[in-house]
Amino acid sequence: MTVLVVMRQDATPEDLRGVVQAIEARGYKAHPIPGGQRTAVGVTGNRGADDAPVFEGLPGVLEVIPVTHGYKLVSREAKSEPTVVNVGGVLVGGAEIVVTAGPCAVESLEQTLIVARRVKAAGAHLLRGGAYKPRTSPYSFQGLGEEGLKILAAAREETGLPVVTEAVDLESLDLVERYADAIQIGARNMQNFSLLRRAGRARKPVVLKRGMSATLEEFLMSAEYVLSEGNYEVVLCERGVRTFSDFSRNTLDLAVVPAVKGLSHLPILVDPSHGTGRRDKVAPLSRAAIAVGSDGVMVEVHHDPQRALSDGPQSLTPDMFDALMAELRQIAPVIGRSLLKRD
Ligand code: PEP
Ligand code: MN
């Protein structure tokens, strides 16, 4: 897309249909983007801005503007109001802050239920946990697969917490789409373009984690892949990038939060667990994430971290998570927000 067709405030539904038809008649894809003030229609699949004058002349069109970034649909130019993503009834990206918590990996029904009950009691809004784990070593625990997804569904059934879980390839994405409330695309797959396209055709929201050496431009481009296929429900997640720092697993790039807010309408979460790799740093960086304007945090919690099958050193105990929630409740009002109320 190199252009955005902005509709007049008084444009009728027929005007909008006419614009969409004109775009499609030229073999391009039309992406209507409704907003509070006005509707815009993003055009993708075209080669240049040559046909801008054609769209300009259509009824109901206010103006046709060129989009200056490589990414289009995710940009603030395309949509000025923040996008609020509905994950199983939990709204991410609104005024209220959302906390996603749970184990790194689903290890058993018992483990998942113990952790899910504790994070629910502490006030978490979404349950996380991997059934498919992208591990550095092929000999490490790879996750329980579909069995893990069934366990997550059981934990949701009991606690009412919607589930966010990772898909690592096309096959697991089919299953994750069926069982989960949001599909996580992990850091290692942030530029797996066929997976991103498939996620773009999914009927569930996507939580897209930043690649460990991805620039902001690359991060937003990856989100653009998902939106370009028609799935506008994307939540970004900063999880730390590789640097020379030798005191933490990654360097949590908190400055990316206000940067994303300036360039994109998509919500963003911060994952201080993978961002630091050490449980003693998770609470301080979670507090900072909320203070810097993140729409929420994603935190790993395990009832017995010593025996966790993955990421034990960065997992909070349930007691530590209780304390963190109490802190976040105090910090949110300082920046005019609050933690999402749960019924
Ligand atoms: C995870 O969330 O458990 C995970 C594997 O994260 P990342 O993709 O950010 O490493
Ligand atoms: Mn993990």
# chains A, B, ... in the order shown; residues from 1 in each chain; ligands from 1
$ residues_around --residues "segment 208-221 of chain A" --least-positions-apart "2" --cutoff "10 Å" --atoms "only C-alpha atoms" --output "ChimeraX atom specification"
/A:69-75,166,183-191,196,199,205-206,223-227,234-243,250-251,256,259-260,263-264,266,268-271,275
$ write_last_selection --atoms "C-alpha atoms" --output "PDB file, in the first residue's frame"
ATOM      1  CA  HIS A  69       6.369   4.182   6.314  1.00  0.00           C
ATOM      2  CA  GLY A  70       7.113   0.725   4.984  1.00  0.00           C
ATOM      3  CA  TYR A  71       4.427  -0.541   7.320  1.00  0.00           C
ATOM      4  CA  LYS A  72       0.975   0.785   6.562  1.00  0.00           C
ATOM      5  CA  LEU A  73      -1.959  -0.814   8.323  1.00  0.00           C
ATOM      6  CA  VAL A  74      -0.229  -0.837  11.703  1.00  0.00           C
ATOM      7  CA  SER A  75       0.682   2.843  11.480  1.00  0.00           C
ATOM      8  CA  GLU A 166       2.476 -20.146  21.363  1.00  0.00           C
ATOM      9  CA  ILE A 183      -2.057 -17.143  19.360  1.00  0.00           C
ATOM     10  CA  GLN A 184       1.439 -16.226  20.512  1.00  0.00           C
ATOM     11  CA  ILE A 185       4.147 -15.928  17.874  1.00  0.00           C
ATOM     12  CA  GLY A 186       7.471 -16.161  19.668  1.00  0.00           C
ATOM     13  CA  ALA A 187      10.631 -14.126  19.304  1.00  0.00           C
ATOM     14  CA  ARG A 188      12.312 -16.830  17.230  1.00  0.00           C
ATOM     15  CA  ASN A 189       9.455 -16.815  14.746  1.00  0.00           C
ATOM     16  CA  MET A 190       8.938 -13.079  14.493  1.00  0.00           C
ATOM     17  CA  GLN A 191      10.166 -13.171  10.919  1.00  0.00           C
ATOM     18  CA  LEU A 196       2.742 -14.664  10.156  1.00  0.00           C
ATOM     19  CA  ALA A 199      -1.767 -16.050  11.755  1.00  0.00           C
ATOM     20  CA  PRO A 205      -5.986 -12.471  18.131  1.00  0.00           C
ATOM     21  CA  VAL A 206      -2.220 -12.674  17.849  1.00  0.00           C
ATOM     22  CA  ALA A 223       2.800  -7.133  12.562  1.00  0.00           C
ATOM     23  CA  GLU A 224       1.972  -5.701   9.140  1.00  0.00           C
ATOM     24  CA  TYR A 225       2.143  -9.240   7.689  1.00  0.00           C
ATOM     25  CA  VAL A 226      -0.623 -10.313  10.066  1.00  0.00           C
ATOM     26  CA  LEU A 227      -2.820  -7.285   9.405  1.00  0.00           C
ATOM     27  CA  VAL A 234      -2.548  -7.925  17.101  1.00  0.00           C
ATOM     28  CA  VAL A 235      -0.888  -7.251  20.450  1.00  0.00           C
ATOM     29  CA  LEU A 236       2.847  -6.530  20.346  1.00  0.00           C
ATOM     30  CA  CYS A 237       5.142  -7.780  23.096  1.00  0.00           C
ATOM     31  CA  GLU A 238       8.612  -6.472  23.978  1.00  0.00           C
ATOM     32  CA  ARG A 239      10.655  -9.314  25.497  1.00  0.00           C
ATOM     33  CA  GLY A 240      14.211  -8.022  25.487  1.00  0.00           C
ATOM     34  CA  VAL A 241      16.893  -7.882  22.826  1.00  0.00           C
ATOM     35  CA  ARG A 242      20.445  -9.216  22.636  1.00  0.00           C
ATOM     36  CA  THR A 243      23.152  -6.809  23.757  1.00  0.00           C
ATOM     37  CA  ASN A 250      18.426  -9.994  27.400  1.00  0.00           C
ATOM     38  CA  THR A 251      18.159  -6.233  27.622  1.00  0.00           C
ATOM     39  CA  VAL A 256      10.366   0.792  22.525  1.00  0.00           C
ATOM     40  CA  ALA A 259       8.252   4.539  20.364  1.00  0.00           C
ATOM     41  CA  VAL A 260       5.577   2.007  19.385  1.00  0.00           C
ATOM     42  CA  LEU A 263       4.181   5.062  15.402  1.00  0.00           C
ATOM     43  CA  SER A 264       1.399   2.506  15.776  1.00  0.00           C
ATOM     44  CA  LEU A 266      -1.467  -1.448  18.261  1.00  0.00           C
ATOM     45  CA  ILE A 268       1.985  -3.446  23.480  1.00  0.00           C
ATOM     46  CA  LEU A 269       2.819  -5.663  26.444  1.00  0.00           C
ATOM     47  CA  VAL A 270       6.181  -6.099  28.141  1.00  0.00           C
ATOM     48  CA  ASP A 271       7.615  -9.477  29.149  1.00  0.00           C
ATOM     49  CA  GLY A 275      13.624  -9.683  29.188  1.00  0.00           C
TER      50      GLY A 275
END
$ residues_around --residues "Arg307 of chain A" --least-positions-apart "6" --cutoff "12 Å" --atoms "only C-alpha atoms" --output "list in words"
Pro103, Ala105, Glu107, Gln111, Pro313, Ser315 and Thr317 of chain A
$ write_last_selection --atoms "N, CA, C and O atoms" --output "mmCIF file, in the first residue's frame"
data_model
loop_
_atom_site.group_PDB
_atom_site.id
_atom_site.type_symbol
_atom_site.label_atom_id
_atom_site.label_comp_id
_atom_site.auth_asym_id
_atom_site.auth_seq_id
_atom_site.Cartn_x
_atom_site.Cartn_y
_atom_site.Cartn_z
ATOM 1 N N PRO A 103 2.898 -20.376 33.735
ATOM 2 C CA PRO A 103 4.210 -21.016 33.593
ATOM 3 C C PRO A 103 4.787 -20.815 32.203
ATOM 4 O O PRO A 103 4.046 -20.545 31.257
ATOM 5 N N ALA A 105 6.126 -23.252 30.481
ATOM 6 C CA ALA A 105 5.583 -24.399 29.748
ATOM 7 C C ALA A 105 4.499 -25.095 30.549
ATOM 8 O O ALA A 105 4.548 -25.155 31.775
ATOM 9 N N GLU A 107 3.359 -28.261 31.931
ATOM 10 C CA GLU A 107 4.107 -29.486 32.233
ATOM 11 C C GLU A 107 3.180 -30.645 32.582
ATOM 12 O O GLU A 107 3.474 -31.798 32.316
ATOM 13 N N GLN A 111 0.282 -29.168 37.599
ATOM 14 C CA GLN A 111 1.124 -27.959 37.635
ATOM 15 C C GLN A 111 0.370 -26.749 37.079
ATOM 16 O O GLN A 111 0.393 -25.657 37.658
ATOM 17 N N PRO A 313 14.713 -20.240 36.382
ATOM 18 C CA PRO A 313 15.425 -19.118 37.016
ATOM 19 C C PRO A 313 14.711 -17.768 36.881
ATOM 20 O O PRO A 313 14.952 -16.859 37.663
ATOM 21 N N SER A 315 11.271 -17.572 36.660
ATOM 22 C CA SER A 315 9.867 -17.696 37.067
ATOM 23 C C SER A 315 9.665 -17.166 38.476
ATOM 24 O O SER A 315 10.422 -17.498 39.387
ATOM 25 N N THR A 317 7.685 -17.061 42.033
ATOM 26 C CA THR A 317 6.829 -17.962 42.811
ATOM 27 C C THR A 317 5.464 -17.280 42.914
ATOM 28 O O THR A 317 5.359 -16.057 42.734
#
$ residues_near_ligand --ligand "ligand 2" --cutoff "10 Å" --atoms "only C-alpha atoms and all ligand atoms" --output "list in words"
Gly102, Pro103, Cys104, Ala105, Arg128, Gly129, Gly130, Lys133, Pro134, Arg135, Gly186, Asp271, Ser273, His274, Gly277, Val299, Glu300, Val301, Leu309, Ser310, Asp311, Gly312, Pro313, Gln314 and Ser315 of chain A
$ closest_residue --among "A:Glu229, A:Arg279, A:Ala182, A:Glu81" --to "Gly93 of chain A" --atoms "only C-alpha atoms"
A:Glu81
$ closest_residue --among "A:Ser248, A:Thr136, A:Thr159, A:Thr39" --to "ligand 1" --atoms "only C-alpha atoms and all ligand atoms"
A:Thr136
$ select_by_dssp --residues "segment 138-306 of chain A" --states "strand (DSSP E or B)" --output "compact mmCIF listing (two decimals) with N, CA and C atoms, in the first residue's frame"
# COMPACT_ATOMS: atom_id res chain seq x y z
N VAL A 163 -6.84 -17.92 27.52
CA VAL A 163 -5.52 -18.53 27.37
C VAL A 163 -4.74 -17.97 26.18
N VAL A 164 -3.48 -17.64 26.44
CA VAL A 164 -2.54 -17.21 25.40
C VAL A 164 -1.47 -18.28 25.31
N THR A 165 -1.25 -18.84 24.10
CA THR A 165 -0.23 -19.88 24.00
C THR A 165 0.43 -19.85 22.62
N GLU A 166 1.66 -20.32 22.58
CA GLU A 166 2.48 -20.15 21.36
C GLU A 166 2.24 -21.22 20.31
N ALA A 182 -5.78 -16.61 22.30
CA ALA A 182 -4.87 -15.79 21.50
C ALA A 182 -3.68 -16.65 21.11
N ILE A 183 -3.18 -16.38 19.92
CA ILE A 183 -2.06 -17.14 19.36
C ILE A 183 -0.78 -16.35 19.57
N GLN A 184 0.16 -16.91 20.33
CA GLN A 184 1.44 -16.23 20.51
C GLN A 184 2.41 -16.65 19.40
N ILE A 185 3.05 -15.66 18.81
CA ILE A 185 4.15 -15.93 17.87
C ILE A 185 5.40 -15.49 18.62
N VAL A 206 -3.62 -12.24 17.88
CA VAL A 206 -2.22 -12.67 17.85
C VAL A 206 -1.41 -11.84 18.84
N VAL A 207 -0.59 -12.50 19.65
CA VAL A 207 0.39 -11.79 20.48
C VAL A 207 1.74 -12.00 19.80
N LEU A 208 2.29 -10.93 19.27
CA LEU A 208 3.53 -11.04 18.49
C LEU A 208 4.70 -10.54 19.31
N LYS A 209 5.64 -11.45 19.61
CA LYS A 209 6.80 -11.06 20.41
C LYS A 209 7.92 -10.56 19.51
N VAL A 234 -3.94 -7.60 16.78
CA VAL A 234 -2.55 -7.92 17.10
C VAL A 234 -2.10 -7.14 18.33
N VAL A 235 -1.49 -7.87 19.27
CA VAL A 235 -0.89 -7.25 20.45
C VAL A 235 0.61 -7.46 20.32
N LEU A 236 1.40 -6.40 20.40
CA LEU A 236 2.85 -6.53 20.35
C LEU A 236 3.37 -6.89 21.73
N CYS A 237 4.55 -7.48 21.79
CA CYS A 237 5.14 -7.78 23.10
C CYS A 237 6.65 -7.62 23.04
N GLU A 238 7.15 -6.67 23.83
CA GLU A 238 8.61 -6.47 23.98
C GLU A 238 9.12 -7.49 25.00
N VAL A 241 16.06 -7.67 24.02
CA VAL A 241 16.89 -7.88 22.83
C VAL A 241 18.31 -8.23 23.27
N THR A 251 18.32 -7.61 27.13
CA THR A 251 18.16 -6.23 27.62
C THR A 251 16.75 -5.79 27.27
N SER A 264 2.44 3.50 16.08
CA SER A 264 1.40 2.51 15.78
C SER A 264 0.22 2.63 16.73
N ILE A 268 0.71 -2.75 23.22
CA ILE A 268 1.98 -3.45 23.48
C ILE A 268 2.08 -3.89 24.94
N LEU A 269 2.54 -5.11 25.12
CA LEU A 269 2.82 -5.66 26.44
C LEU A 269 4.33 -5.75 26.61
N VAL A 270 4.76 -5.89 27.86
CA VAL A 270 6.18 -6.10 28.14
C VAL A 270 6.33 -7.41 28.91
N GLY A 296 0.33 -3.61 29.49
CA GLY A 296 0.28 -4.74 30.41
C GLY A 296 1.62 -5.44 30.47
N VAL A 297 1.67 -6.49 31.27
CA VAL A 297 2.89 -7.29 31.35
C VAL A 297 2.54 -8.76 31.15
N MET A 298 3.53 -9.51 30.72
CA MET A 298 3.41 -10.96 30.62
C MET A 298 4.51 -11.55 31.49
N VAL A 299 4.10 -12.31 32.50
CA VAL A 299 5.05 -12.75 33.52
C VAL A 299 4.99 -14.26 33.71
N GLU A 300 6.17 -14.88 33.83
CA GLU A 300 6.19 -16.33 34.09
C GLU A 300 6.14 -16.61 35.59
N VAL A 301 5.26 -17.54 35.95
CA VAL A 301 5.06 -17.92 37.36
C VAL A 301 5.07 -19.45 37.44
$ closest_residue --among "A:Arg337, A:Leu195, A:Ala101, A:Arg329" --to "ligand 1" --atoms "only C-alpha atoms and all ligand atoms"
A:Ala101
$ residues_around --residues "Glu63 of chain A" --least-positions-apart "4" --cutoff "7 Å" --atoms "only C-alpha atoms" --output "ChimeraX atom specification"
/A:5-6,56
$ select_by_dssp --residues "segment 107-247 of chain A" --states "helix (DSSP H, G or I)" --output "compact mmCIF listing (two decimals) with N, CA and C atoms, in the first residue's frame"
# COMPACT_ATOMS: atom_id res chain seq x y z
N LEU A 109 -1.29 -31.35 34.07
CA LEU A 109 -2.57 -30.74 34.47
C LEU A 109 -2.44 -30.17 35.87
N GLU A 110 -1.82 -30.95 36.76
CA GLU A 110 -1.69 -30.52 38.15
C GLU A 110 -0.90 -29.21 38.25
N GLN A 111 0.28 -29.17 37.60
CA GLN A 111 1.12 -27.96 37.63
C GLN A 111 0.37 -26.75 37.08
N THR A 112 -0.31 -26.96 35.97
CA THR A 112 -0.99 -25.82 35.32
C THR A 112 -2.13 -25.32 36.19
N LEU A 113 -2.87 -26.23 36.78
CA LEU A 113 -3.99 -25.81 37.64
C LEU A 113 -3.50 -25.08 38.89
N ILE A 114 -2.42 -25.58 39.48
CA ILE A 114 -1.90 -24.93 40.70
C ILE A 114 -1.52 -23.48 40.36
N VAL A 115 -0.79 -23.31 39.27
CA VAL A 115 -0.33 -21.97 38.91
C VAL A 115 -1.52 -21.10 38.47
N ALA A 116 -2.40 -21.68 37.66
CA ALA A 116 -3.55 -20.90 37.15
C ALA A 116 -4.41 -20.39 38.31
N ARG A 117 -4.65 -21.25 39.29
CA ARG A 117 -5.49 -20.83 40.44
C ARG A 117 -4.81 -19.68 41.18
N ARG A 118 -3.50 -19.80 41.37
CA ARG A 118 -2.80 -18.76 42.12
C ARG A 118 -2.77 -17.43 41.37
N VAL A 119 -2.50 -17.47 40.05
CA VAL A 119 -2.44 -16.18 39.34
C VAL A 119 -3.83 -15.56 39.24
N LYS A 120 -4.84 -16.42 39.14
CA LYS A 120 -6.22 -15.91 39.11
C LYS A 120 -6.53 -15.22 40.44
N ALA A 121 -6.19 -15.91 41.54
CA ALA A 121 -6.47 -15.34 42.87
C ALA A 121 -5.74 -14.01 43.06
N ALA A 122 -4.56 -13.89 42.46
CA ALA A 122 -3.78 -12.67 42.61
C ALA A 122 -4.33 -11.53 41.75
N GLU A 146 -0.55 -31.07 21.73
CA GLU A 146 -2.01 -30.95 21.84
C GLU A 146 -2.50 -31.28 23.24
N GLU A 147 -1.85 -32.23 23.88
CA GLU A 147 -2.16 -32.58 25.26
C GLU A 147 -2.05 -31.32 26.15
N GLY A 148 -1.03 -30.51 25.91
CA GLY A 148 -0.85 -29.26 26.65
C GLY A 148 -1.97 -28.27 26.38
N LEU A 149 -2.43 -28.24 25.14
CA LEU A 149 -3.53 -27.32 24.80
C LEU A 149 -4.81 -27.74 25.53
N LYS A 150 -5.00 -29.06 25.66
CA LYS A 150 -6.19 -29.54 26.38
C LYS A 150 -6.10 -29.16 27.85
N ILE A 151 -4.90 -29.22 28.38
CA ILE A 151 -4.71 -28.83 29.79
C ILE A 151 -5.02 -27.34 29.97
N LEU A 152 -4.56 -26.53 29.04
CA LEU A 152 -4.84 -25.09 29.12
C LEU A 152 -6.35 -24.84 29.04
N ALA A 153 -7.02 -25.58 28.15
CA ALA A 153 -8.47 -25.42 28.03
C ALA A 153 -9.16 -25.81 29.34
N ALA A 154 -8.64 -26.83 30.00
CA ALA A 154 -9.21 -27.25 31.28
C ALA A 154 -8.98 -26.16 32.34
N ALA A 155 -7.81 -25.55 32.31
CA ALA A 155 -7.50 -24.49 33.28
C ALA A 155 -8.38 -23.27 33.04
N ARG A 156 -8.66 -22.98 31.78
CA ARG A 156 -9.57 -21.88 31.46
C ARG A 156 -10.97 -22.20 31.96
N GLU A 157 -11.38 -23.43 31.72
CA GLU A 157 -12.70 -23.89 32.16
C GLU A 157 -12.87 -23.65 33.66
N GLU A 158 -11.82 -23.99 34.42
CA GLU A 158 -11.94 -23.86 35.88
C GLU A 158 -11.80 -22.42 36.36
N THR A 159 -10.85 -21.69 35.80
CA THR A 159 -10.57 -20.35 36.34
C THR A 159 -11.31 -19.24 35.60
N LEU A 170 3.08 -24.11 11.20
CA LEU A 170 1.73 -24.09 10.63
C LEU A 170 0.84 -25.13 11.28
N GLU A 171 1.42 -26.29 11.56
CA GLU A 171 0.64 -27.39 12.14
C GLU A 171 0.14 -27.03 13.54
N SER A 172 1.06 -26.52 14.37
CA SER A 172 0.63 -26.17 15.73
C SER A 172 -0.31 -24.96 15.72
N LEU A 173 -0.17 -24.11 14.72
CA LEU A 173 -1.06 -22.94 14.69
C LEU A 173 -2.52 -23.36 14.49
N ASP A 174 -2.73 -24.38 13.65
CA ASP A 174 -4.10 -24.88 13.47
C ASP A 174 -4.71 -25.29 14.81
N LEU A 175 -3.90 -26.00 15.60
CA LEU A 175 -4.40 -26.49 16.89
C LEU A 175 -4.55 -25.36 17.90
N VAL A 176 -3.55 -24.48 17.96
CA VAL A 176 -3.61 -23.36 18.90
C VAL A 176 -4.84 -22.50 18.60
N GLU A 177 -5.10 -22.30 17.32
CA GLU A 177 -6.26 -21.48 16.94
C GLU A 177 -7.55 -22.10 17.48
N ARG A 178 -7.58 -23.43 17.46
CA ARG A 178 -8.80 -24.11 17.91
C ARG A 178 -8.98 -24.03 19.44
N TYR A 179 -7.89 -24.19 20.19
CA TYR A 179 -8.01 -24.31 21.65
C TYR A 179 -7.86 -22.98 22.41
N ALA A 187 9.52 -14.94 19.79
CA ALA A 187 10.63 -14.13 19.30
C ALA A 187 11.35 -14.80 18.14
N ARG A 188 11.56 -16.11 18.27
CA ARG A 188 12.31 -16.83 17.23
C ARG A 188 11.56 -16.92 15.91
N ASN A 189 10.27 -16.73 15.96
CA ASN A 189 9.45 -16.81 14.75
C ASN A 189 8.95 -15.46 14.27
N PHE A 193 7.71 -15.62 7.95
CA PHE A 193 6.67 -14.90 7.22
C PHE A 193 5.48 -15.78 6.84
N SER A 194 5.74 -17.07 6.58
CA SER A 194 4.59 -17.93 6.24
C SER A 194 3.72 -18.14 7.48
N LEU A 195 4.37 -18.22 8.65
CA LEU A 195 3.61 -18.36 9.89
C LEU A 195 2.82 -17.08 10.19
N LEU A 196 3.44 -15.94 9.94
CA LEU A 196 2.74 -14.66 10.16
C LEU A 196 1.53 -14.55 9.24
N ARG A 197 1.70 -14.97 8.00
CA ARG A 197 0.56 -14.90 7.06
C ARG A 197 -0.57 -15.81 7.52
N ARG A 198 -0.20 -16.99 7.99
CA ARG A 198 -1.22 -17.92 8.47
C ARG A 198 -1.93 -17.33 9.69
N ALA A 199 -1.16 -16.70 10.58
CA ALA A 199 -1.77 -16.05 11.76
C ALA A 199 -2.70 -14.93 11.31
N GLY A 200 -2.37 -14.32 10.20
CA GLY A 200 -3.20 -13.26 9.65
C GLY A 200 -4.53 -13.77 9.11
N LEU A 216 12.80 -1.89 15.54
CA LEU A 216 11.38 -1.54 15.66
C LEU A 216 10.71 -1.61 14.29
N GLU A 217 11.41 -1.17 13.26
CA GLU A 217 10.88 -1.22 11.89
C GLU A 217 10.54 -2.67 11.51
N GLU A 218 11.45 -3.59 11.83
CA GLU A 218 11.21 -5.01 11.49
C GLU A 218 10.04 -5.57 12.29
N PHE A 219 9.97 -5.16 13.56
CA PHE A 219 8.90 -5.62 14.46
C PHE A 219 7.54 -5.19 13.88
N LEU A 220 7.45 -3.93 13.52
CA LEU A 220 6.17 -3.43 12.99
C LEU A 220 5.86 -4.04 11.62
N MET A 221 6.89 -4.31 10.84
CA MET A 221 6.68 -4.96 9.54
C MET A 221 6.10 -6.36 9.73
N SER A 222 6.56 -7.04 10.77
CA SER A 222 6.04 -8.39 11.03
C SER A 222 4.56 -8.32 11.42
N ALA A 223 4.21 -7.32 12.23
CA ALA A 223 2.80 -7.13 12.56
C ALA A 223 2.01 -6.82 11.30
N GLU A 224 2.63 -6.07 10.40
CA GLU A 224 1.97 -5.70 9.14
C GLU A 224 1.60 -6.95 8.33
N TYR A 225 2.46 -7.98 8.37
CA TYR A 225 2.14 -9.24 7.69
C TYR A 225 0.80 -9.78 8.17
N VAL A 226 0.61 -9.75 9.49
CA VAL A 226 -0.62 -10.31 10.07
C VAL A 226 -1.82 -9.46 9.64
N LEU A 227 -1.70 -8.16 9.78
CA LEU A 227 -2.82 -7.28 9.40
C LEU A 227 -3.12 -7.36 7.91
N SER A 228 -2.06 -7.51 7.12
CA SER A 228 -2.26 -7.49 5.67
C SER A 228 -3.11 -8.66 5.20
$ residues_around --residues "Ile65 of chain A" --least-positions-apart "5" --cutoff "12 Å" --atoms "only C-alpha atoms" --output "ChimeraX atom specification"
/A:1-7,40-43,49-53,55-56,72,77-78
$ write_last_selection --atoms "N, CA, C and O atoms" --output "tab-separated table (two decimals), in the first residue's frame"
chain	number	residue	atom	x	y	z
A	1	MET	N	0.85	-1.20	0.00
A	1	MET	CA	0.00	0.00	0.00
A	1	MET	C	0.88	1.24	0.00
A	1	MET	O	1.82	1.34	0.76
A	2	THR	N	0.57	2.05	-0.84
A	2	THR	CA	1.24	3.34	-0.73
A	2	THR	C	0.22	4.43	-0.46
A	2	THR	O	0.59	5.58	-0.28
A	3	VAL	N	-1.05	4.06	-0.48
A	3	VAL	CA	-2.04	5.10	-0.21
A	3	VAL	C	-3.10	4.65	0.79
A	3	VAL	O	-3.33	3.46	1.00
A	4	LEU	N	-3.69	5.66	1.38
A	4	LEU	CA	-4.77	5.48	2.32
A	4	LEU	C	-5.91	6.36	1.81
A	4	LEU	O	-5.72	7.55	1.59
A	5	VAL	N	-7.08	5.75	1.60
A	5	VAL	CA	-8.22	6.53	1.13
A	5	VAL	C	-9.03	6.93	2.36
A	5	VAL	O	-9.57	6.08	3.08
A	6	VAL	N	-9.07	8.22	2.64
A	6	VAL	CA	-9.77	8.71	3.83
A	6	VAL	C	-11.18	9.13	3.43
A	6	VAL	O	-11.36	9.96	2.53
A	7	MET	N	-12.17	8.56	4.10
A	7	MET	CA	-13.57	8.87	3.79
A	7	MET	C	-14.02	10.12	4.55
A	7	MET	O	-13.55	10.39	5.65
A	40	ALA	N	-11.07	5.02	7.17
A	40	ALA	CA	-10.08	5.08	6.10
A	40	ALA	C	-10.03	3.70	5.45
A	40	ALA	O	-10.43	2.70	6.08
A	41	VAL	N	-9.58	3.64	4.23
A	41	VAL	CA	-9.43	2.35	3.58
A	41	VAL	C	-7.98	2.23	3.11
A	41	VAL	O	-7.53	3.03	2.28
A	42	GLY	N	-7.28	1.26	3.67
A	42	GLY	CA	-5.91	1.02	3.24
A	42	GLY	C	-5.92	0.22	1.95
A	42	GLY	O	-6.78	-0.63	1.76
A	43	VAL	N	-4.98	0.52	1.08
A	43	VAL	CA	-4.88	-0.23	-0.17
A	43	VAL	C	-3.56	-1.00	-0.16
A	43	VAL	O	-2.50	-0.40	0.02
A	49	ALA	N	1.51	5.04	-6.27
A	49	ALA	CA	0.39	5.91	-5.91
A	49	ALA	C	-0.29	6.44	-7.17
A	49	ALA	O	-1.09	7.37	-7.11
A	50	ASP	N	0.00	5.81	-8.32
A	50	ASP	CA	-0.49	6.32	-9.60
A	50	ASP	C	-2.01	6.45	-9.66
A	50	ASP	O	-2.54	7.35	-10.31
A	51	ASP	N	-2.72	5.48	-9.01
A	51	ASP	CA	-4.17	5.55	-9.14
A	51	ASP	C	-4.84	6.38	-8.05
A	51	ASP	O	-6.05	6.34	-7.92
A	52	ALA	N	-4.04	7.10	-7.29
A	52	ALA	CA	-4.62	7.97	-6.26
A	52	ALA	C	-5.72	8.89	-6.83
A	52	ALA	O	-6.79	9.02	-6.23
A	53	PRO	N	-5.51	9.50	-7.99
A	53	PRO	CA	-6.54	10.40	-8.53
A	53	PRO	C	-7.86	9.68	-8.79
A	53	PRO	O	-8.94	10.29	-8.64
A	55	PHE	N	-9.19	7.23	-7.05
A	55	PHE	CA	-9.91	7.09	-5.78
A	55	PHE	C	-10.39	8.44	-5.27
A	55	PHE	O	-11.45	8.56	-4.67
A	56	GLU	N	-9.60	9.46	-5.51
A	56	GLU	CA	-9.95	10.81	-5.06
A	56	GLU	C	-11.30	11.27	-5.60
A	56	GLU	O	-12.05	11.97	-4.93
A	72	LYS	N	2.11	-0.08	6.92
A	72	LYS	CA	0.98	0.79	6.56
A	72	LYS	C	-0.18	0.63	7.55
A	72	LYS	O	-0.55	1.55	8.25
A	77	GLU	N	-0.84	6.62	11.05
A	77	GLU	CA	-1.41	7.35	9.92
A	77	GLU	C	-2.69	6.67	9.45
A	77	GLU	O	-3.66	7.31	9.08
A	78	ALA	N	-2.67	5.34	9.47
A	78	ALA	CA	-3.84	4.59	9.02
A	78	ALA	C	-4.98	4.71	10.03
A	78	ALA	O	-6.16	4.69	9.67
$ closest_residue --among "A:Ile331, A:Leu324, A:Ile97, A:Val90" --to "Gly160 of chain A" --atoms "only C-alpha atoms"
A:Val90
$ closest_residue --among "A:Lys204, A:Lys281, A:His265, A:Arg76" --to "Gly94 of chain A" --atoms "only C-alpha atoms"
A:His265
$ atom_distance --atom1 "atom CA of Val84 of chain A" --atom2 "atom CA of Pro267 of chain A"
6.9 Å
$ closest_residue --among "A:Ala131, A:Ser137, A:Ala326, A:Val257" --to "ligand 1" --atoms "only C-alpha atoms and all ligand atoms"
A:Ala131
$ atom_distance --atom1 "atom CA of Ala11 of chain A" --atom2 "atom CA of Val61 of chain A"
7.4 Å
